[in-house]
Amino acid sequence: MLLSEINPYVRFARYIDLDGDSYYAQVTPLDARVFYALDGCGKIQVEDKTYEMRPYSLLIINSGVPYKLHTPQAAVQYIGINFDYTRNAASRTVPVRPVSSDRFAADMLVDFNTFEDAPVLDRVLYIGRIEAISRRLTAVVGEHMQKLLYFEQKTGHLLAECIAESMRFWETGSSHPEQEKSARILSYIHDHYPRHLTNDTLGKVFGYHPNYVSFLIKRTTGMPVHRYVLHVRLMNAANLLENTSASIGEIALSCGFCDAAYFSGYFKKYFGISPSQYRNA
């Protein structure tokens with residue numbers, strides 16, 4: 001499946017408190033797991049690798065992947081979430097206990113999925129520190145515990161946002177200063193898209209080498225600078241077609257295209273219909 005197709009079903013969400021008297025054997029989960037460290041310093045072994053779990057550390061473990069919670073030297077608190085990536089088995093509403101790894105068989109899995117565009121989720125995703133999802137994961141636990149109306153829909157949406165944010169963080173690998181640099185460049189593009197914008201012109205504005213600008217934008221958006229600028233121009237052009245009576249030629253020039261024919265060609269390639277068809281749809 002694709003990451004864009006996930007529709008998580010949260011089966012169980014809670015706080016897990018461990019201390020020096022806690023002990024857990026290695027088990028294999030039958031649905032997927034999130035472990036997110038809130039306090040203390042612990043360790044979780046997944047298959048043959050052990051991960052340090054300090055505050056804001058994240059592990060997402062797919063179903064069928066064995067893990068073991070290590071006994072900490074001092075108190076540790078995790079958020080623990082049992083979930084499926086789809087709602088295909090949403091009829092199983094009660095928590096599904098993991099099984100001892102020596103008893104595990106593949107046909108026990110509740111809802112196993114692998115990803116064409118995010119293969120790291122096929123086994124385990126580990127991020128040493130990601131604060132951005134802390135509030136949403138805490139909200140997942142609160143919603144699940146209170147079980148207010150539509151809590152299943154809300155916990156699913158919150159978890160989907162956390163997974164997307166985590167994958168964005170993992171894919172970009174950006175330090176906080178580089179995230180800020182990318183954000184400033186993207187904001188500038190959105191404010192000045194009608195202008196002639198290239199790696200060179202953006203580099204001069206921000207004092208960066210053109211190749212560094214290209215690197216930041218590609219890692220943040222997955223697109224080279226020229227394609228991202230084109231995307232921004234076309235989105236703004238579509239908005240003008242919907243909400244103004246300006247001519248196609250006027251819109252083309254106001255969005256940074258040299259003429260109406262050039263604009264129309266790119267618009268049709270992007271949207272599948274001409275600007276006039278889009279306006280009259």
# chains A, B, ... in the order shown; residues from 1 in each chain; ligands from 1
>>> closest_atom_pairs(of="region 158-256 of chain A", to="region 85-89 of chain A", cutoff="12 Å", atoms="only C-alpha atoms", output="tab-separated table")
residue	atom	partner	partner_atom	distance
A:Leu159	CA	A:Tyr85	CA	9.7
A:Ala160	CA	A:Tyr85	CA	8.7
A:Ile163	CA	A:Tyr85	CA	10.0
>>> atom_distance(atom1="CA of Met53 (chain A)", atom2="CA of Leu125 (chain A)")
12.8 Å
>>> residues_around(residues="Val124 (chain A)", least_positions_apart="2", cutoff="10 Å", atoms="only C-alpha atoms", output="PyMOL selection string")
chain A and resi 32-34+46-47+59-63+65+119-122+126
>>> select_by_dssp(residues="region 11-211 of chain A", states="helix (DSSP H, G or I)", output="ChimeraX atom specification")
/A:101-103,106-108,119-122,131-146,151-172,176-192,199-206,210-211
>>> residues_around(residues="Pro194 (chain A)", least_positions_apart="6", cutoff="8 Å", atoms="only C-alpha atoms", output="PDB file with N, CA, C and O atoms, in the first residue's frame")
ATOM      1  N   ARG A 233       2.914  28.643  -8.674  1.00  0.00           N
ATOM      2  CA  ARG A 233       2.281  29.510  -9.678  1.00  0.00           C
ATOM      3  C   ARG A 233       0.949  28.927 -10.156  1.00  0.00           C
ATOM      4  O   ARG A 233      -0.048  29.651 -10.284  1.00  0.00           O
ATOM      5  N   LEU A 253       0.243  36.391 -16.690  1.00  0.00           N
ATOM      6  CA  LEU A 253       1.290  37.371 -16.372  1.00  0.00           C
ATOM      7  C   LEU A 253       1.404  37.620 -14.873  1.00  0.00           C
ATOM      8  O   LEU A 253       2.502  37.741 -14.329  1.00  0.00           O
ATOM      9  N   SER A 254       0.270  37.666 -14.181  1.00  0.00           N
ATOM     10  CA  SER A 254       0.299  37.945 -12.743  1.00  0.00           C
ATOM     11  C   SER A 254       0.906  36.800 -11.944  1.00  0.00           C
ATOM     12  O   SER A 254       1.358  36.999 -10.816  1.00  0.00           O
ATOM     13  N   CYS A 255       0.920  35.598 -12.532  1.00  0.00           N
ATOM     14  CA  CYS A 255       1.467  34.429 -11.827  1.00  0.00           C
ATOM     15  C   CYS A 255       2.878  34.071 -12.301  1.00  0.00           C
ATOM     16  O   CYS A 255       3.416  33.033 -11.903  1.00  0.00           O
ATOM     17  N   GLY A 256       3.474  34.901 -13.148  1.00  0.00           N
ATOM     18  CA  GLY A 256       4.866  34.690 -13.498  1.00  0.00           C
ATOM     19  C   GLY A 256       5.110  33.967 -14.806  1.00  0.00           C
ATOM     20  O   GLY A 256       6.261  33.611 -15.103  1.00  0.00           O
ATOM     21  N   PHE A 257       4.058  33.748 -15.610  1.00  0.00           N
ATOM     22  CA  PHE A 257       4.230  33.104 -16.917  1.00  0.00           C
ATOM     23  C   PHE A 257       4.416  34.183 -17.983  1.00  0.00           C
ATOM     24  O   PHE A 257       3.803  35.252 -17.911  1.00  0.00           O
TER      25      PHE A 257
END
>>> residues_around(residues="Leu69 (chain A)", least_positions_apart="6", cutoff="8 Å", atoms="only C-alpha atoms", output="list in words")
Tyr23, Tyr24, Ala25, Gln26, Lys43, Ile44 and Gln45 of chain A
>>> write_last_selection(atoms="all heavy atoms", output="mmCIF file, in the first residue's frame")
data_model
loop_
_atom_site.group_PDB
_atom_site.id
_atom_site.type_symbol
_atom_site.label_atom_id
_atom_site.label_comp_id
_atom_site.auth_asym_id
_atom_site.auth_seq_id
_atom_site.Cartn_x
_atom_site.Cartn_y
_atom_site.Cartn_z
ATOM 1 N N TYR A 23 9.351 -6.341 34.183
ATOM 2 C CA TYR A 23 10.025 -7.314 33.316
ATOM 3 C C TYR A 23 9.078 -7.722 32.192
ATOM 4 O O TYR A 23 7.909 -8.007 32.429
ATOM 5 C CB TYR A 23 10.451 -8.561 34.088
ATOM 6 C CG TYR A 23 11.022 -9.619 33.168
ATOM 7 C CD1 TYR A 23 12.321 -9.498 32.681
ATOM 8 C CD2 TYR A 23 10.244 -10.692 32.746
ATOM 9 C CE1 TYR A 23 12.838 -10.439 31.799
ATOM 10 C CE2 TYR A 23 10.753 -11.636 31.870
ATOM 11 C CZ TYR A 23 12.051 -11.509 31.402
ATOM 12 O OH TYR A 23 12.560 -12.433 30.532
ATOM 13 N N TYR A 24 9.601 -7.732 30.993
ATOM 14 C CA TYR A 24 8.836 -8.149 29.825
ATOM 15 C C TYR A 24 9.688 -9.106 28.992
ATOM 16 O O TYR A 24 10.865 -8.834 28.735
ATOM 17 C CB TYR A 24 8.437 -6.958 28.956
ATOM 18 C CG TYR A 24 7.415 -6.044 29.586
ATOM 19 C CD1 TYR A 24 7.803 -5.026 30.451
ATOM 20 C CD2 TYR A 24 6.064 -6.195 29.316
ATOM 21 C CE1 TYR A 24 6.868 -4.191 31.040
ATOM 22 C CE2 TYR A 24 5.116 -5.354 29.895
ATOM 23 C CZ TYR A 24 5.531 -4.362 30.758
ATOM 24 O OH TYR A 24 4.600 -3.535 31.344
ATOM 25 N N ALA A 25 9.095 -10.192 28.568
ATOM 26 C CA ALA A 25 9.782 -11.127 27.665
ATOM 27 C C ALA A 25 9.656 -10.613 26.232
ATOM 28 O O ALA A 25 8.864 -9.721 25.928
ATOM 29 C CB ALA A 25 9.157 -12.512 27.785
ATOM 30 N N GLN A 26 10.449 -11.180 25.343
ATOM 31 C CA GLN A 26 10.310 -10.838 23.920
ATOM 32 C C GLN A 26 8.988 -11.386 23.406
ATOM 33 O O GLN A 26 8.628 -12.538 23.652
ATOM 34 C CB GLN A 26 11.455 -11.423 23.099
ATOM 35 C CG GLN A 26 11.302 -11.118 21.605
ATOM 36 C CD GLN A 26 12.471 -11.581 20.783
ATOM 37 O OE1 GLN A 26 13.524 -10.982 20.804
ATOM 38 N NE2 GLN A 26 12.293 -12.683 20.069
ATOM 39 N N LYS A 43 15.143 1.383 27.220
ATOM 40 C CA LYS A 43 15.614 0.721 26.011
ATOM 41 C C LYS A 43 14.540 -0.243 25.531
ATOM 42 O O LYS A 43 13.859 -0.880 26.348
ATOM 43 C CB LYS A 43 16.912 -0.051 26.265
ATOM 44 C CG LYS A 43 18.106 0.823 26.617
ATOM 45 C CD LYS A 43 19.357 -0.033 26.849
ATOM 46 C CE LYS A 43 20.545 0.842 27.212
ATOM 47 N NZ LYS A 43 21.776 0.040 27.435
ATOM 48 N N ILE A 44 14.399 -0.328 24.221
ATOM 49 C CA ILE A 44 13.504 -1.303 23.624
ATOM 50 C C ILE A 44 14.270 -2.048 22.543
ATOM 51 O O ILE A 44 14.881 -1.429 21.674
ATOM 52 C CB ILE A 44 12.247 -0.642 23.014
ATOM 53 C CG1 ILE A 44 11.451 0.099 24.100
ATOM 54 C CG2 ILE A 44 11.354 -1.689 22.343
ATOM 55 C CD1 ILE A 44 10.217 0.821 23.572
ATOM 56 N N GLN A 45 14.249 -3.358 22.634
ATOM 57 C CA GLN A 45 14.914 -4.187 21.633
ATOM 58 C C GLN A 45 13.897 -4.592 20.570
ATOM 59 O O GLN A 45 12.820 -5.095 20.886
ATOM 60 C CB GLN A 45 15.500 -5.441 22.278
ATOM 61 C CG GLN A 45 16.206 -6.367 21.297
ATOM 62 C CD GLN A 45 16.754 -7.608 21.975
ATOM 63 O OE1 GLN A 45 17.077 -7.586 23.167
ATOM 64 N NE2 GLN A 45 16.861 -8.691 21.237
#
>>> select_by_dssp(residues="region 124-218 of chain A", states="strand (DSSP E)", output="list in words")
Val124, Leu125, Tyr126 and Ile127 of chain A
